[in-house]
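File shown: structure20.cif (mmCIF, C-alpha atoms).
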```
data_structure
loop_
_atom_site.group_PDB
_atom_site.id
_atom_site.type_symbol
_atom_site.label_atom_id
_atom_site.label_comp_id
_atom_site.auth_asym_id
_atom_site.auth_seq_id
_atom_site.Cartn_x
_atom_site.Cartn_y
_atom_site.Cartn_z
ATOM 1 C CA GLU A 1 6.740 -11.423 -7.747
ATOM 2 C CA LEU A 2 5.311 -8.402 -5.935
ATOM 3 C CA SER A 3 5.823 -6.203 -8.986
ATOM 4 C CA SER A 4 3.832 -8.578 -11.190
ATOM 5 C CA LYS A 5 0.958 -9.031 -8.727
ATOM 6 C CA GLY A 6 0.702 -5.573 -7.216
ATOM 7 C CA GLY A 7 1.045 -4.579 -3.616
ATOM 8 C CA ILE A 8 -2.010 -6.301 -2.209
ATOM 9 C CA PHE A 9 -2.058 -9.847 -0.897
ATOM 10 C CA PRO A 10 -4.865 -11.256 1.238
ATOM 11 C CA SER A 11 -4.112 -11.358 4.960
ATOM 12 C CA TYR A 12 -4.332 -15.145 5.152
ATOM 13 C CA LYS A 13 -1.689 -15.468 2.388
ATOM 14 C CA ARG A 14 0.578 -13.054 4.240
ATOM 15 C CA TYR A 15 0.057 -15.018 7.450
ATOM 16 C CA GLU A 16 0.811 -18.340 5.729
ATOM 17 C CA THR A 17 3.999 -16.881 4.283
ATOM 18 C CA PHE A 18 4.980 -15.321 7.611
ATOM 19 C CA LYS A 19 4.586 -18.651 9.410
ATOM 20 C CA GLY A 20 7.053 -20.208 6.969
ATOM 21 C CA LEU A 21 9.763 -17.609 7.641
ATOM 22 C CA LYS A 22 12.744 -18.577 9.713
ATOM 23 C CA ARG A 23 15.585 -16.381 10.890
ATOM 24 C CA GLU A 24 17.905 -18.212 8.512
ATOM 25 C CA SER A 25 15.630 -17.457 5.547
ATOM 26 C CA LEU A 26 16.161 -13.721 6.089
ATOM 27 C CA SER A 27 19.886 -14.005 5.491
ATOM 28 C CA GLY A 28 20.718 -12.275 2.234
ATOM 29 C CA VAL A 29 17.264 -10.728 1.703
ATOM 30 C CA ALA A 30 18.692 -7.214 1.439
ATOM 31 C CA GLY A 31 21.082 -8.402 -1.250
ATOM 32 C CA GLU A 32 18.258 -10.023 -3.199
ATOM 33 C CA ILE A 33 16.151 -6.881 -3.026
ATOM 34 C CA PHE A 34 18.756 -4.199 -3.572
ATOM 35 C CA HIS A 35 21.482 -5.914 -5.600
ATOM 36 C CA SER A 36 19.427 -7.903 -8.089
ATOM 37 C CA GLY A 37 19.389 -5.056 -10.586
ATOM 38 C CA GLY A 38 15.633 -4.617 -10.251
ATOM 39 C CA CYS A 39 15.626 -1.992 -7.526
ATOM 40 C CA HIS A 40 14.790 1.601 -8.336
ATOM 41 C CA VAL A 41 14.677 4.262 -5.641
ATOM 42 C CA GLU A 42 13.189 7.697 -6.147
ATOM 43 C CA GLY A 43 13.380 10.541 -3.692
ATOM 44 C CA LEU A 44 11.891 13.973 -3.318
ATOM 45 C CA VAL A 45 13.682 16.507 -1.164
ATOM 46 C CA ILE A 46 11.593 19.429 0.031
ATOM 47 C CA GLY A 47 12.799 22.118 2.356
ATOM 48 C CA ASN A 48 15.945 24.061 3.081
ATOM 49 C CA MET A 49 18.381 22.116 0.915
ATOM 50 C CA THR A 50 20.393 23.070 -2.077
ATOM 51 C CA ALA A 51 20.528 20.909 -5.194
ATOM 52 C CA GLU A 52 24.032 19.905 -4.117
ATOM 53 C CA ASP A 53 22.785 18.853 -0.656
ATOM 54 C CA ALA A 54 19.986 16.799 -2.247
ATOM 55 C CA SER A 55 22.478 15.089 -4.572
ATOM 56 C CA LYS A 56 24.762 14.248 -1.626
ATOM 57 C CA LEU A 57 21.805 12.844 0.316
ATOM 58 C CA ALA A 58 20.802 10.710 -2.667
ATOM 59 C CA ALA A 59 24.375 9.450 -3.037
ATOM 60 C CA GLN A 60 24.441 8.481 0.666
ATOM 61 C CA LEU A 61 21.177 6.567 0.226
ATOM 62 C CA VAL A 62 22.460 4.727 -2.844
ATOM 63 C CA ASP A 63 25.725 3.920 -1.073
ATOM 64 C CA GLY A 64 23.969 2.869 2.148
ATOM 65 C CA LEU A 65 21.638 0.503 0.295
ATOM 66 C CA GLY A 66 24.531 -0.865 -1.743
ATOM 67 C CA LEU A 67 22.863 -0.134 -5.073
ATOM 68 C CA LYS A 68 25.378 -0.905 -7.799
ATOM 69 C CA THR A 69 23.621 -0.944 -11.140
ATOM 70 C CA PRO A 70 21.248 1.808 -12.216
ATOM 71 C CA LEU A 71 18.224 0.869 -14.274
ATOM 72 C CA THR A 72 18.645 1.485 -17.981
ATOM 73 C CA GLU A 73 15.011 2.572 -18.173
ATOM 74 C CA LEU A 74 12.118 2.899 -15.760
ATOM 75 C CA PRO A 75 9.649 0.005 -15.814
ATOM 76 C CA VAL A 76 6.235 0.623 -17.297
ATOM 77 C CA ARG A 77 3.583 1.214 -14.674
ATOM 78 C CA ALA A 78 0.521 -0.850 -15.495
ATOM 79 C CA GLU A 79 -2.735 -1.794 -13.860
ATOM 80 C CA ALA A 80 -4.903 -4.853 -14.128
ATOM 81 C CA LYS A 81 -8.459 -4.188 -15.191
ATOM 82 C CA LEU A 82 -10.827 -6.196 -13.072
ATOM 83 C CA PRO A 83 -14.121 -7.395 -14.523
ATOM 84 C CA GLU A 84 -17.196 -5.392 -13.556
ATOM 85 C CA GLY A 85 -19.098 -6.630 -10.557
ATOM 86 C CA LYS A 86 -18.035 -7.379 -7.030
ATOM 87 C CA THR A 87 -16.113 -9.915 -5.034
ATOM 88 C CA VAL A 88 -16.682 -10.421 -1.335
ATOM 89 C CA TRP A 89 -14.020 -12.203 0.686
ATOM 90 C CA GLN A 90 -14.828 -13.321 4.174
ATOM 91 C CA LEU A 91 -12.028 -14.583 6.340
ATOM 92 C CA GLU A 92 -12.672 -16.323 9.605
ATOM 93 C CA GLY A 93 -10.759 -14.973 12.573
ATOM 94 C CA THR A 94 -8.453 -17.047 14.724
ATOM 95 C CA ASP A 95 -10.657 -16.507 17.818
ATOM 96 C CA ALA A 96 -14.287 -17.575 17.372
ATOM 97 C CA GLU A 97 -15.278 -15.595 20.491
ATOM 98 C CA GLU A 98 -13.824 -12.319 19.200
ATOM 99 C CA PRO A 99 -16.665 -9.780 18.738
ATOM 100 C CA ASN A 100 -14.665 -7.367 16.577
ATOM 101 C CA HIS A 101 -14.768 -7.442 12.792
ATOM 102 C CA ALA A 102 -13.268 -5.442 9.960
ATOM 103 C CA VAL A 103 -14.583 -4.175 6.645
ATOM 104 C CA PHE A 104 -12.287 -3.080 3.847
ATOM 105 C CA LEU A 105 -13.830 -1.724 0.650
ATOM 106 C CA ARG A 106 -11.795 -1.090 -2.450
ATOM 107 C CA MET A 107 -13.158 0.291 -5.705
ATOM 108 C CA GLN A 108 -11.170 0.266 -8.909
ATOM 109 C CA MET A 109 -11.583 3.178 -11.256
ATOM 110 C CA GLU A 110 -9.874 4.165 -14.453
ATOM 111 C CA GLU A 111 -6.403 5.509 -13.748
ATOM 112 C CA SER A 112 -6.081 9.104 -14.867
ATOM 113 C CA ILE A 113 -5.039 12.433 -13.398
ATOM 114 C CA GLU A 114 -8.660 13.594 -13.627
ATOM 115 C CA THR A 115 -9.923 10.585 -11.623
ATOM 116 C CA ASP A 116 -7.166 11.108 -9.064
ATOM 117 C CA MET A 117 -8.091 14.781 -8.597
ATOM 118 C CA HIS A 118 -11.825 14.003 -8.411
ATOM 119 C CA LEU A 119 -11.242 11.357 -5.735
ATOM 120 C CA LYS A 120 -8.983 13.621 -3.700
ATOM 121 C CA LEU A 121 -11.588 16.385 -3.894
ATOM 122 C CA LEU A 122 -14.363 13.940 -2.921
ATOM 123 C CA ASN A 123 -12.262 12.761 0.010
ATOM 124 C CA GLN A 124 -11.803 16.353 1.197
ATOM 125 C CA ILE A 125 -15.534 17.043 0.907
ATOM 126 C CA ILE A 126 -16.978 13.937 2.584
ATOM 127 C CA GLY A 127 -14.016 12.444 4.498
ATOM 128 C CA ALA A 128 -14.776 14.233 7.786
ATOM 129 C CA LYS A 129 -18.489 13.350 7.581
ATOM 130 C CA PHE A 130 -17.609 9.723 6.767
ATOM 131 C CA PHE A 131 -15.506 9.574 9.937
ATOM 132 C CA ASP A 132 -18.121 11.408 12.018
ATOM 133 C CA VAL A 133 -20.978 9.086 11.037
ATOM 134 C CA LEU A 134 -19.099 5.781 11.265
ATOM 135 C CA ARG A 135 -16.767 6.464 14.195
ATOM 136 C CA THR A 136 -18.473 9.114 16.313
ATOM 137 C CA GLN A 137 -22.201 8.543 15.744
ATOM 138 C CA GLN A 138 -22.383 4.805 15.030
ATOM 139 C CA GLN A 139 -19.191 3.994 16.997
ATOM 140 C CA LEU A 140 -18.396 1.210 14.539
ATOM 141 C CA GLY A 141 -14.716 0.961 15.217
ATOM 142 C CA TYR A 142 -11.567 2.388 16.609
ATOM 143 C CA ILE A 143 -9.956 2.771 13.190
ATOM 144 C CA VAL A 144 -12.152 4.421 10.560
ATOM 145 C CA SER A 145 -10.725 6.125 7.517
ATOM 146 C CA MET A 146 -11.419 7.013 3.933
ATOM 147 C CA ALA A 147 -8.700 7.572 1.347
ATOM 148 C CA SER A 148 -8.008 7.428 -2.349
ATOM 149 C CA TYR A 149 -4.924 5.752 -3.764
ATOM 150 C CA THR A 150 -3.711 5.793 -7.325
#
```

Re-express the file's structure as structure tokens.
Amino acid sequence: ELSSKGGIFPSYKRYETFKGLKRESLSGVAGEIFHSGGCHVEGLVIGNMTAEDASKLAAQLVDGLGLKTPLTELPVRAEAKLPEGKTVWQLEGTDAEEPNHAVFLRMQMEESIETDMHLKLLNQIIGAKFFDVLRTQQQLGYIVSMASYT
């Protein structure tokens, strides 16, 4: 289901799902994830390793996870195109007296290598100032960050 919906679920949905979990429901989860034939693992080895060492490491990972059947082809990576405009979700906290709040802003842009490079460059240029203004000057929160994900 995660592959068809993406990696983002609202916090309240995660919490509802978490509340329904029992120790017994976790039995066999690894088998469902890794042995269902839908698991694909990629690795990148950087550093002082030979190609043979990297292959051995990959074989140990495959063996350790119990992966049996390789994919015949990689799945197509796709993205959903959201309609233009904005959506604001406001979730009430569990403690009405809690003074802290969170803001999470996500913008969807066309997926391309050019967009990815532009966003990474923009992040390098204004990321430190973003942190300085929001965290240091305005002291808006303990965790302040800016990042681009593709």

Residues near region 85-101 of chain A, cut-off 10 Å, all atoms listed in the file, skip fewer than 4 positions along chain, as a list in words: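 Residues meeting the cut-off are Pro10, Ser11, Tyr12, Leu105, Arg106, Met107, Leu140 and Gly141 of chain A.
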
Give me the residues near Tyr142 (chain A) as a PyMOL selection string, where near means some atom within 12 Å (using only C-alpha atoms) and where sequence neighbours in that chain fewer than 3 positions away do not count. chain A and resi 100-102+131+134-136+138-139+145

Keeping only C-alpha atoms, write those residues as a CSV table (one decimal), keeping the file's coordinate frame.
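Output below, filename part.csv:
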```csv
chain,number,residue,atom,x,y,z
A,100,ASN,CA,-14.7,-7.4,16.6
A,101,HIS,CA,-14.8,-7.4,12.8
A,102,ALA,CA,-13.3,-5.4,10.0
A,131,PHE,CA,-15.5,9.6,9.9
A,134,LEU,CA,-19.1,5.8,11.3
A,135,ARG,CA,-16.8,6.5,14.2
A,136,THR,CA,-18.5,9.1,16.3
A,138,GLN,CA,-22.4,4.8,15.0
A,139,GLN,CA,-19.2,4.0,17.0
A,145,SER,CA,-10.7,6.1,7.5
```

Please define a box with edges along x, y and z of the file around all atoms of region 69-72 of chain A given in the file, extend it by 8 Å on each side, and return its centre and edge lengths in Å to one decimal, as JSON.
```
{"center_x": 20.9, "center_y": 0.4, "center_z": -14.6, "size_x": 21.4, "size_y": 18.8, "size_z": 22.8}
```

So which residues get picked by the PyMOL selection byres ((chain A and resi 60-73) around 12) here, written as a list in words?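 Applying the PyMOL selection byres ((chain A and resi 60-73) around 12) to the structure shown produces Ala30, Gly31, Glu32, Ile33, Phe34, His35, Ser36, Gly37, Gly38, Cys39, His40, Val41, Glu42, Gly43, Asp53, Ala54, Ser55, Lys56, Leu57, Ala58, Ala59, Leu74, Pro75 and Val76 of chain A.
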
Decode the PyMOL selection byres ((chain A and resi 113-124) around 8) for the given file into explicit residues and return them as a ChimeraX atom specification. /A:109-112,125-128,146-150

For region 32-62 of chain A, which lacks atoms in the input, supply N, CA and C atoms and format the output as an mmCIF file, in the coordinates of the input.
```cif
data_model
loop_
_atom_site.group_PDB
_atom_site.id
_atom_site.type_symbol
_atom_site.label_atom_id
_atom_site.label_comp_id
_atom_site.auth_asym_id
_atom_site.auth_seq_id
_atom_site.Cartn_x
_atom_site.Cartn_y
_atom_site.Cartn_z
ATOM 1 N N GLU A 32 19.207 -9.646 -2.149
ATOM 2 C CA GLU A 32 18.258 -10.023 -3.199
ATOM 3 C C GLU A 32 17.422 -8.836 -3.643
ATOM 4 N N ILE A 33 17.011 -8.022 -2.694
ATOM 5 C CA ILE A 33 16.151 -6.881 -3.026
ATOM 6 C C ILE A 33 16.938 -5.777 -3.715
ATOM 7 N N PHE A 34 18.060 -5.388 -3.105
ATOM 8 C CA PHE A 34 18.756 -4.199 -3.572
ATOM 9 C C PHE A 34 19.838 -4.453 -4.612
ATOM 10 N N HIS A 35 20.362 -5.668 -4.700
ATOM 11 C CA HIS A 35 21.482 -5.914 -5.600
ATOM 12 C C HIS A 35 21.105 -6.734 -6.823
ATOM 13 N N SER A 36 19.836 -7.047 -6.973
ATOM 14 C CA SER A 36 19.427 -7.903 -8.089
ATOM 15 C C SER A 36 19.333 -7.137 -9.401
ATOM 16 N N GLY A 37 19.492 -5.846 -9.354
ATOM 17 C CA GLY A 37 19.389 -5.056 -10.586
ATOM 18 C C GLY A 37 17.979 -4.607 -10.861
ATOM 19 N N GLY A 38 17.018 -5.002 -10.028
ATOM 20 C CA GLY A 38 15.633 -4.617 -10.251
ATOM 21 C C GLY A 38 15.140 -3.575 -9.278
ATOM 22 N N CYS A 39 16.033 -2.972 -8.526
ATOM 23 C CA CYS A 39 15.626 -1.992 -7.526
ATOM 24 C C CYS A 39 15.785 -0.587 -8.089
ATOM 25 N N HIS A 40 14.753 0.202 -7.919
ATOM 26 C CA HIS A 40 14.790 1.601 -8.336
ATOM 27 C C HIS A 40 14.292 2.429 -7.156
ATOM 28 N N VAL A 41 15.045 3.408 -6.763
ATOM 29 C CA VAL A 41 14.677 4.262 -5.641
ATOM 30 C C VAL A 41 14.530 5.683 -6.153
ATOM 31 N N GLU A 42 13.408 6.296 -5.815
ATOM 32 C CA GLU A 42 13.189 7.697 -6.147
ATOM 33 C C GLU A 42 13.081 8.473 -4.858
ATOM 34 N N GLY A 43 13.493 9.710 -4.877
ATOM 35 C CA GLY A 43 13.380 10.541 -3.692
ATOM 36 C C GLY A 43 12.946 11.937 -4.068
ATOM 37 N N LEU A 44 12.298 12.590 -3.146
ATOM 38 C CA LEU A 44 11.891 13.973 -3.318
ATOM 39 C C LEU A 44 12.360 14.720 -2.078
ATOM 40 N N VAL A 45 13.163 15.722 -2.280
ATOM 41 C CA VAL A 45 13.682 16.507 -1.164
ATOM 42 C C VAL A 45 12.968 17.855 -1.189
ATOM 43 N N ILE A 46 12.308 18.159 -0.082
ATOM 44 C CA ILE A 46 11.593 19.429 0.031
ATOM 45 C C ILE A 46 12.098 20.131 1.283
ATOM 46 N N GLY A 47 12.380 21.376 1.175
ATOM 47 C CA GLY A 47 12.799 22.118 2.356
ATOM 48 C C GLY A 47 14.058 22.913 2.098
ATOM 49 N N ASN A 48 14.765 23.202 3.153
ATOM 50 C CA ASN A 48 15.945 24.061 3.081
ATOM 51 C C ASN A 48 17.178 23.263 2.694
ATOM 52 N N MET A 49 17.225 22.838 1.442
ATOM 53 C CA MET A 49 18.381 22.116 0.915
ATOM 54 C C MET A 49 18.708 22.671 -0.452
ATOM 55 N N THR A 50 19.976 22.686 -0.734
ATOM 56 C CA THR A 50 20.393 23.070 -2.077
ATOM 57 C C THR A 50 20.354 21.832 -2.967
ATOM 58 N N ALA A 51 20.466 22.037 -4.257
ATOM 59 C CA ALA A 51 20.528 20.909 -5.194
ATOM 60 C C ALA A 51 21.732 20.033 -4.876
ATOM 61 N N GLU A 52 22.829 20.660 -4.466
ATOM 62 C CA GLU A 52 24.032 19.905 -4.117
ATOM 63 C C GLU A 52 23.789 19.044 -2.869
ATOM 64 N N ASP A 53 23.114 19.613 -1.866
ATOM 65 C CA ASP A 53 22.785 18.853 -0.656
ATOM 66 C C ASP A 53 21.890 17.660 -0.987
ATOM 67 N N ALA A 54 20.900 17.880 -1.854
ATOM 68 C CA ALA A 54 19.986 16.799 -2.247
ATOM 69 C C ALA A 54 20.747 15.696 -2.980
ATOM 70 N N SER A 55 21.671 16.085 -3.848
ATOM 71 C CA SER A 55 22.478 15.089 -4.572
ATOM 72 C C SER A 55 23.341 14.290 -3.616
ATOM 73 N N LYS A 56 23.939 14.947 -2.619
ATOM 74 C CA LYS A 56 24.762 14.248 -1.626
ATOM 75 C C LYS A 56 23.908 13.269 -0.812
ATOM 76 N N LEU A 57 22.708 13.708 -0.437
ATOM 77 C CA LEU A 57 21.805 12.844 0.316
ATOM 78 C C LEU A 57 21.421 11.611 -0.506
ATOM 79 N N ALA A 58 21.136 11.826 -1.787
ATOM 80 C CA ALA A 58 20.802 10.710 -2.667
ATOM 81 C C ALA A 58 21.987 9.754 -2.807
ATOM 82 N N ALA A 59 23.176 10.290 -2.923
ATOM 83 C CA ALA A 59 24.375 9.450 -3.037
ATOM 84 C C ALA A 59 24.577 8.624 -1.768
ATOM 85 N N GLN A 60 24.327 9.217 -0.601
ATOM 86 C CA GLN A 60 24.441 8.481 0.666
ATOM 87 C C GLN A 60 23.423 7.341 0.723
ATOM 88 N N LEU A 61 22.210 7.606 0.250
ATOM 89 C CA LEU A 61 21.177 6.567 0.226
ATOM 90 C C LEU A 61 21.582 5.421 -0.697
ATOM 91 N N VAL A 62 22.025 5.744 -1.883
ATOM 92 C CA VAL A 62 22.460 4.727 -2.844
ATOM 93 C C VAL A 62 23.621 3.916 -2.270
#
```
